[in-house]
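One file, work_2.tsv, is given below (TSV, C-alpha atoms).
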```tsv
chain	number	residue	atom	x	y	z
P	1	MET	CA	26.07	12.42	45.25
P	2	ASP	CA	26.08	12.77	41.46
P	3	TYR	CA	22.70	13.97	40.20
P	4	ASN	CA	21.52	13.74	36.61
P	5	THR	CA	20.85	17.48	36.65
P	6	ASP	CA	24.57	18.07	37.14
P	7	ARG	CA	25.58	15.80	34.27
P	8	THR	CA	25.78	16.63	30.59
P	9	GLN	CA	22.52	16.48	28.69
P	10	LEU	CA	21.74	13.22	26.92
P	11	LEU	CA	21.48	14.05	23.24
P	12	MET	CA	19.82	10.70	22.48
P	13	PRO	CA	18.34	9.25	25.69
P	14	GLU	CA	17.49	5.94	24.03
P	15	TYR	CA	21.20	5.03	24.04
P	16	GLY	CA	21.67	5.76	27.72
P	17	ARG	CA	24.33	7.49	29.80
P	18	ASN	CA	27.09	4.91	29.25
P	19	ILE	CA	27.24	5.32	25.46
P	20	GLN	CA	27.07	9.09	25.83
P	21	GLN	CA	30.13	8.98	28.13
P	22	LEU	CA	31.99	6.68	25.73
P	23	VAL	CA	31.44	9.17	22.92
P	24	GLU	CA	32.65	12.02	25.12
P	25	HIS	CA	35.78	10.03	25.95
P	26	CYS	CA	36.35	9.23	22.29
P	27	LYS	CA	36.46	12.96	21.54
P	28	THR	CA	39.32	13.42	24.01
P	29	LEU	CA	41.64	10.84	22.46
P	30	GLN	CA	44.78	12.35	20.99
P	31	THR	CA	45.30	10.43	17.77
P	32	LYS	CA	42.83	9.82	14.98
P	33	GLU	CA	43.72	6.14	14.88
P	34	GLU	CA	42.62	5.77	18.49
P	35	ARG	CA	39.41	7.68	17.84
P	36	ASN	CA	38.63	5.55	14.77
P	37	GLU	CA	39.18	2.34	16.73
P	38	MET	CA	36.99	3.47	19.60
P	39	ALA	CA	34.31	4.82	17.24
P	40	LEU	CA	33.99	1.38	15.63
P	41	ALA	CA	33.67	-0.21	19.07
P	42	ILE	CA	30.98	2.31	20.04
P	43	ILE	CA	29.06	1.61	16.83
P	44	GLU	CA	29.12	-2.11	17.63
P	45	PHE	CA	27.93	-1.43	21.18
P	46	MET	CA	25.14	0.84	19.92
P	47	GLY	CA	23.94	-1.94	17.61
P	48	GLN	CA	23.86	-4.41	20.51
P	49	ARG	CA	21.89	-2.01	22.70
P	50	ASN	CA	19.35	-1.39	19.94
P	51	PRO	CA	18.98	-4.68	18.03
P	52	HIS	CA	15.70	-3.52	16.44
P	53	LEU	CA	17.74	-1.21	14.21
P	54	ARG	CA	19.15	-4.28	12.44
P	55	ASP	CA	15.74	-4.83	10.85
P	56	GLU	CA	15.86	-1.42	9.21
P	57	GLU	CA	17.45	-0.65	5.88
P	58	ASN	CA	20.98	0.83	6.04
P	59	TYR	CA	21.02	0.47	9.82
P	60	LYS	CA	24.82	0.92	9.90
P	61	HIS	CA	24.43	4.29	8.24
P	62	LYS	CA	21.89	5.28	10.88
P	63	LEU	CA	24.21	4.22	13.68
P	64	TRP	CA	26.99	6.44	12.34
P	65	ASP	CA	24.55	9.34	12.06
P	66	HIS	CA	23.52	8.76	15.66
P	67	LEU	CA	27.17	8.68	16.70
P	68	PHE	CA	27.75	12.16	15.31
P	69	ILE	CA	24.59	13.40	16.98
P	70	LEU	CA	25.81	12.00	20.31
P	71	ALA	CA	29.12	13.79	19.70
P	72	ASP	CA	27.26	17.04	19.02
P	73	HIS	CA	28.77	16.94	15.51
P	74	ASN	CA	32.24	17.46	16.94
P	75	LEU	CA	34.03	14.18	16.37
P	76	ASP	CA	37.02	13.82	14.04
P	77	VAL	CA	36.86	10.23	12.81
P	78	ASP	CA	36.84	8.48	9.44
P	79	SER	CA	33.24	7.55	8.69
P	80	PRO	CA	32.32	5.12	5.90
P	81	TYR	CA	29.33	7.36	5.19
P	82	PRO	CA	28.89	11.10	4.59
P	83	VAL	CA	29.36	12.91	7.89
P	84	LEU	CA	26.10	14.22	9.31
P	85	SER	CA	26.28	17.92	10.14
P	86	ALA	CA	24.04	19.98	12.39
P	87	ASP	CA	22.68	21.81	9.36
P	88	ASP	CA	21.47	18.54	7.88
P	89	LEU	CA	19.10	18.13	10.83
P	90	ILE	CA	17.52	21.57	10.52
P	91	THR	CA	17.31	21.75	6.74
P	92	LYS	CA	13.72	21.34	5.62
P	93	PRO	CA	13.09	18.68	3.00
P	94	ARG	CA	12.07	19.72	-0.47
P	95	LYS	CA	8.37	20.28	-0.76
P	96	MET	CA	6.74	17.60	-2.84
P	97	ASP	CA	4.34	18.66	-5.53
P	98	TYR	CA	0.81	17.51	-4.84
P	99	PRO	CA	-0.69	15.73	-7.86
P	100	SER	CA	-3.44	17.77	-9.42
P	101	LEU	CA	-6.31	16.66	-11.63
P	102	ASP	CA	-7.15	19.08	-14.40
P	103	ASN	CA	-10.81	18.19	-14.71
P	104	ALA	CA	-14.09	18.69	-12.92
P	105	TYR	CA	-14.39	15.03	-11.89
P	106	LYS	CA	-11.70	14.79	-9.22
P	107	PHE	CA	-13.78	12.28	-7.24
P	108	TYR	CA	-12.91	9.58	-9.79
P	109	GLY	CA	-9.25	9.73	-8.75
P	110	LYS	CA	-6.02	9.54	-10.69
P	111	SER	CA	-6.11	5.75	-11.07
P	112	ILE	CA	-9.25	5.99	-13.21
P	113	LEU	CA	-7.52	8.49	-15.51
P	114	GLN	CA	-4.56	6.15	-15.84
P	115	LEU	CA	-6.87	3.26	-16.72
P	116	ILE	CA	-8.59	5.43	-19.32
P	117	GLU	CA	-5.22	6.22	-20.91
P	118	LYS	CA	-4.41	2.51	-20.91
P	119	ALA	CA	-7.73	1.64	-22.57
P	120	ILE	CA	-7.28	4.33	-25.23
P	121	ALA	CA	-3.85	2.92	-26.12
P	122	LEU	CA	-5.24	-0.59	-26.68
P	123	GLU	CA	-6.21	-1.79	-30.10
P	124	GLU	CA	-9.89	-2.28	-30.86
P	125	GLY	CA	-11.08	-5.64	-29.63
P	126	ASP	CA	-12.44	-7.63	-26.71
P	127	GLU	CA	-9.66	-6.58	-24.34
P	128	LYS	CA	-10.28	-2.89	-24.89
P	129	GLU	CA	-14.03	-3.34	-24.60
P	130	ALA	CA	-13.72	-5.34	-21.37
P	131	LEU	CA	-11.36	-2.76	-19.82
P	132	THR	CA	-13.73	0.04	-20.79
P	133	HIS	CA	-16.59	-1.72	-19.01
P	134	VAL	CA	-14.41	-2.27	-15.93
P	135	ILE	CA	-13.53	1.44	-15.90
P	136	ALA	CA	-17.20	2.42	-16.11
P	137	ASN	CA	-18.14	0.13	-13.22
P	138	ASN	CA	-15.34	1.52	-11.04
P	139	MET	CA	-16.34	5.06	-11.97
P	140	LYS	CA	-19.85	4.31	-10.75
P	141	LYS	CA	-18.50	2.98	-7.44
P	142	SER	CA	-16.31	6.05	-6.96
P	143	TYR	CA	-19.19	8.36	-7.82
P	144	ASN	CA	-21.49	6.71	-5.27
P	145	VAL	CA	-18.83	6.88	-2.55
P	146	TYR	CA	-18.25	10.58	-3.19
P	147	ASN	CA	-21.87	11.67	-3.62
P	148	LYS	CA	-23.59	9.12	-1.36
P	149	GLU	CA	-26.35	8.94	-3.95
P	150	HIS	CA	-27.29	6.55	-6.70
P	151	VAL	CA	-26.11	7.68	-10.10
P	152	GLN	CA	-27.69	6.82	-13.42
P	153	ASP	CA	-25.53	4.84	-15.81
P	154	ASP	CA	-25.97	7.37	-18.62
P	155	VAL	CA	-24.19	9.95	-16.44
P	156	ILE	CA	-21.22	7.58	-16.07
P	157	PHE	CA	-21.17	7.00	-19.82
P	158	ARG	CA	-21.17	10.74	-20.47
P	159	HIS	CA	-18.33	11.36	-18.00
P	160	LEU	CA	-16.30	8.49	-19.45
P	161	LYS	CA	-16.71	9.85	-22.95
P	162	GLU	CA	-15.67	13.32	-21.82
P	163	LEU	CA	-12.64	12.17	-19.82
P	164	SER	CA	-11.43	10.07	-22.77
P	165	ASN	CA	-11.95	12.87	-25.29
P	166	ASP	CA	-14.69	10.85	-27.01
P	167	LYS	CA	-12.36	7.85	-27.51
P	168	LEU	CA	-14.23	5.53	-25.12
P	169	ASP	CA	-17.95	5.47	-25.80
P	170	LEU	CA	-20.48	3.29	-24.00
P	171	THR	CA	-23.49	5.48	-24.66
P	172	THR	CA	-24.92	2.78	-26.91
P	173	LEU	CA	-25.58	0.64	-23.81
P	174	GLU	CA	-28.82	1.01	-21.94
P	175	SER	CA	-27.10	0.34	-18.62
P	176	LEU	CA	-24.00	-1.24	-17.11
P	177	GLU	CA	-26.09	-4.36	-16.45
P	178	ARG	CA	-26.04	-4.94	-20.19
P	179	SER	CA	-22.24	-5.01	-20.30
P	180	LYS	CA	-20.29	-8.19	-20.97
P	181	ILE	CA	-18.64	-8.27	-17.56
P	182	TYR	CA	-22.06	-8.24	-15.89
P	183	TYR	CA	-23.15	-11.32	-17.81
P	184	ALA	CA	-19.75	-12.98	-17.23
P	185	ALA	CA	-20.04	-12.39	-13.48
P	186	ASN	CA	-23.54	-13.89	-13.45
P	187	ARG	CA	-22.37	-16.95	-15.34
P	188	ASN	CA	-19.55	-17.46	-12.85
P	189	ASN	CA	-21.98	-17.16	-9.95
P	190	ASN	CA	-24.31	-19.69	-11.53
P	191	ASN	CA	-21.44	-22.11	-12.06
P	192	ARG	CA	-20.43	-21.80	-8.42
P	193	ASN	CA	-24.02	-22.51	-7.26
P	194	PRO	CA	-25.09	-25.90	-8.63
P	195	ASN	CA	-28.67	-25.37	-7.38
P	196	ASN	CA	-29.19	-22.88	-10.21
P	197	ASN	CA	-28.38	-25.43	-12.92
P	198	SER	CA	-29.56	-28.80	-11.63
P	199	ARG	CA	-30.93	-30.39	-8.54
P	200	ASN	CA	-28.68	-31.42	-5.76
P	201	PRO	CA	-27.64	-35.09	-6.35
P	202	ASN	CA	-28.28	-35.94	-2.71
P	203	GLN	CA	-31.79	-34.59	-2.98
P	204	ASN	CA	-32.44	-36.68	-6.10
P	205	ASN	CA	-31.23	-39.82	-4.32
P	206	ASN	CA	-33.54	-39.14	-1.38
P	207	ASN	CA	-36.50	-38.68	-3.71
P	208	ASN	CA	-35.75	-41.94	-5.49
P	209	ARG	CA	-35.57	-43.85	-2.23
P	210	ARG	CA	-38.94	-42.44	-1.10
P	211	ASN	CA	-40.56	-43.38	-4.41
P	212	ASN	CA	-39.19	-46.94	-4.29
P	213	PHE	CA	-40.42	-47.36	-0.74
P	214	GLN	CA	-43.88	-46.12	-1.67
P	215	ASN	CA	-44.08	-48.46	-4.69
P	216	HIS	CA	-43.02	-51.43	-2.59
P	217	LYS	CA	-45.63	-50.54	0.00
P	218	ASN	CA	-48.36	-50.33	-2.62
P	219	LYS	CA	-47.45	-53.78	-4.05
P	220	ARG	CA	-47.76	-55.39	-0.63
P	221	LYS	CA	-51.29	-54.06	-0.34
```
When written as structure tokens, how does the structure in this file appear?
Amino acid sequence: MDYNTDRTQLLMPEYGRNIQQLVEHCKTLQTKEERNEMALAIIEFMGQRNPHLRDEENYKHKLWDHLFILADHNLDVDSPYPVLSADDLITKPRKMDYPSLDNAYKFYGKSILQLIEKAIALEEGDEKEALTHVIANNMKKSYNVYNKEHVQDDVIFRHLKELSNDKLDLTTLESLERSKIYYAANRNNNNRNPNNNSRNPNQNNNNNRRNNFQNHKNKRK
């Protein structure tokens, strides 16, 4: 009886024993033309056995890399892609530099700093003022998430002025509730809720019907 422990080790078990044996047979073929022809057939078979790879980008390239892994990087065929070597699998990727924030207010995050740079670059006007108010409101949210405490608006104004090198200044405001976006948000909420502006038309109709009924009742008396 042929036991798995007596067979060659499966280098990629997800492809199964049959594909592993086909690759081993491909290595024994005498001519390169024969090996190339069989390698293409194996690649096609590997794609059929693992159809989920078709949803990935450059899945053909991955199949060829897997073929060389199955061959233990000892297969002389013409590959349409750079041949994967054993060293490529053990080489560590280049260490990516972690973005650093050169200020004491790291809890605001890099996106806030990018928005501040965008606001500074804008010309004076309503757009720049509105963006500055948006930045201040988001700074307050970030501060509260980081510190778990309520922060006074004057602290946000001071931090904004410092982070922008005194180019964005909201210290003239008493609070963020006095900003334009606060009033704009309230106006939008009022427009969405008709009860804040006028009575509900259905309620008015009901009141009119009750009054007419009462007047008619009084006349009959």
Enter the distance from atom CA of P:Ile135 to atom CA of P:Ile116, in Å, rounded to one decimal.
-> 7.2 Å
Atom CA of P:Val145 to atom CA of P:Tyr108, distance in Å rounded to a single decimal |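 Atom-to-atom, atom CA of P:Val145 to atom CA of P:Tyr108, that is 9.7 Å.
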Residues within 12 Å of (-7.0, 1.9, -27.2), file coords, all atoms listed in the file, listed as a ChimeraX atom specification | /P:115-132,164,166-169
For stretch 76-88 of chain P, list every protein, DNA or RNA residue within 9 Å, evaluated using only C-alpha atoms, and leave out those in the same chain fewer than 6 positions away; present the list as a PDB file with C-alpha atoms, keeping the file's coordinate frame.
```
ATOM      1  CA  LYS P  27      36.460  12.960  21.540  1.00  0.00           C
ATOM      2  CA  LYS P  32      42.830   9.820  14.980  1.00  0.00           C
ATOM      3  CA  GLU P  33      43.720   6.140  14.880  1.00  0.00           C
ATOM      4  CA  ARG P  35      39.410   7.680  17.840  1.00  0.00           C
ATOM      5  CA  ASN P  36      38.630   5.550  14.770  1.00  0.00           C
ATOM      6  CA  ALA P  39      34.310   4.820  17.240  1.00  0.00           C
ATOM      7  CA  HIS P  61      24.430   4.290   8.240  1.00  0.00           C
ATOM      8  CA  TRP P  64      26.990   6.440  12.340  1.00  0.00           C
ATOM      9  CA  ASP P  65      24.550   9.340  12.060  1.00  0.00           C
ATOM     10  CA  HIS P  66      23.520   8.760  15.660  1.00  0.00           C
ATOM     11  CA  PHE P  68      27.750  12.160  15.310  1.00  0.00           C
ATOM     12  CA  ILE P  69      24.590  13.400  16.980  1.00  0.00           C
TER      13      ILE P  69
END
```
Selection near P:Leu163, 10 Å with all atoms listed in the file, sequence-local residues under 5 positions removed, as a VMD selection string = chain P and resid 103 to 105 112 to 113 116 to 117 157 to 158 168
Taking C-alpha atoms for each residue, export the selection above as a PDB file, keeping the file's coordinate frame.
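again-v9.pdb, written as the output of this step:
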```pdb
ATOM      1  CA  ASN P 103     -10.810  18.190 -14.710  1.00  0.00           C
ATOM      2  CA  ALA P 104     -14.090  18.690 -12.920  1.00  0.00           C
ATOM      3  CA  TYR P 105     -14.390  15.030 -11.890  1.00  0.00           C
ATOM      4  CA  ILE P 112      -9.250   5.990 -13.210  1.00  0.00           C
ATOM      5  CA  LEU P 113      -7.520   8.490 -15.510  1.00  0.00           C
ATOM      6  CA  ILE P 116      -8.590   5.430 -19.320  1.00  0.00           C
ATOM      7  CA  GLU P 117      -5.220   6.220 -20.910  1.00  0.00           C
ATOM      8  CA  PHE P 157     -21.170   7.000 -19.820  1.00  0.00           C
ATOM      9  CA  ARG P 158     -21.170  10.740 -20.470  1.00  0.00           C
ATOM     10  CA  LEU P 168     -14.230   5.530 -25.120  1.00  0.00           C
TER      11      LEU P 168
END
```
Which residues, written as a JSON list (two decimals) with C-alpha atoms, in the frame of the given file, have at least one atom at most 12 Å from P:Pro51, with all atoms listed in the file counted and residues fewer than 5 positions away on the same chain left out?
```json
[["chain", "number", "residue", "atom", "x", "y", "z"],
["P", 15, "TYR", "CA", 21.20, 5.03, 24.04],
["P", 43, "ILE", "CA", 29.06, 1.61, 16.83],
["P", 44, "GLU", "CA", 29.12, -2.11, 17.63],
["P", 45, "PHE", "CA", 27.93, -1.43, 21.18],
["P", 46, "MET", "CA", 25.14, 0.84, 19.92],
["P", 56, "GLU", "CA", 15.86, -1.42, 9.21],
["P", 59, "TYR", "CA", 21.02, 0.47, 9.82],
["P", 60, "LYS", "CA", 24.82, 0.92, 9.90],
["P", 63, "LEU", "CA", 24.21, 4.22, 13.68]]
```
Nearest residue to P:Ile42 from the set P:His159, P:His150, P:Arg94, P:His25 (distances using only C-alpha atoms) =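 Checking each candidate against P:Ile42, we get P:His25 as the closest.
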Point-to-point distance in Å for atom CA of P:Lys161 and atom CA of P:Lys140 = 13.8 Å
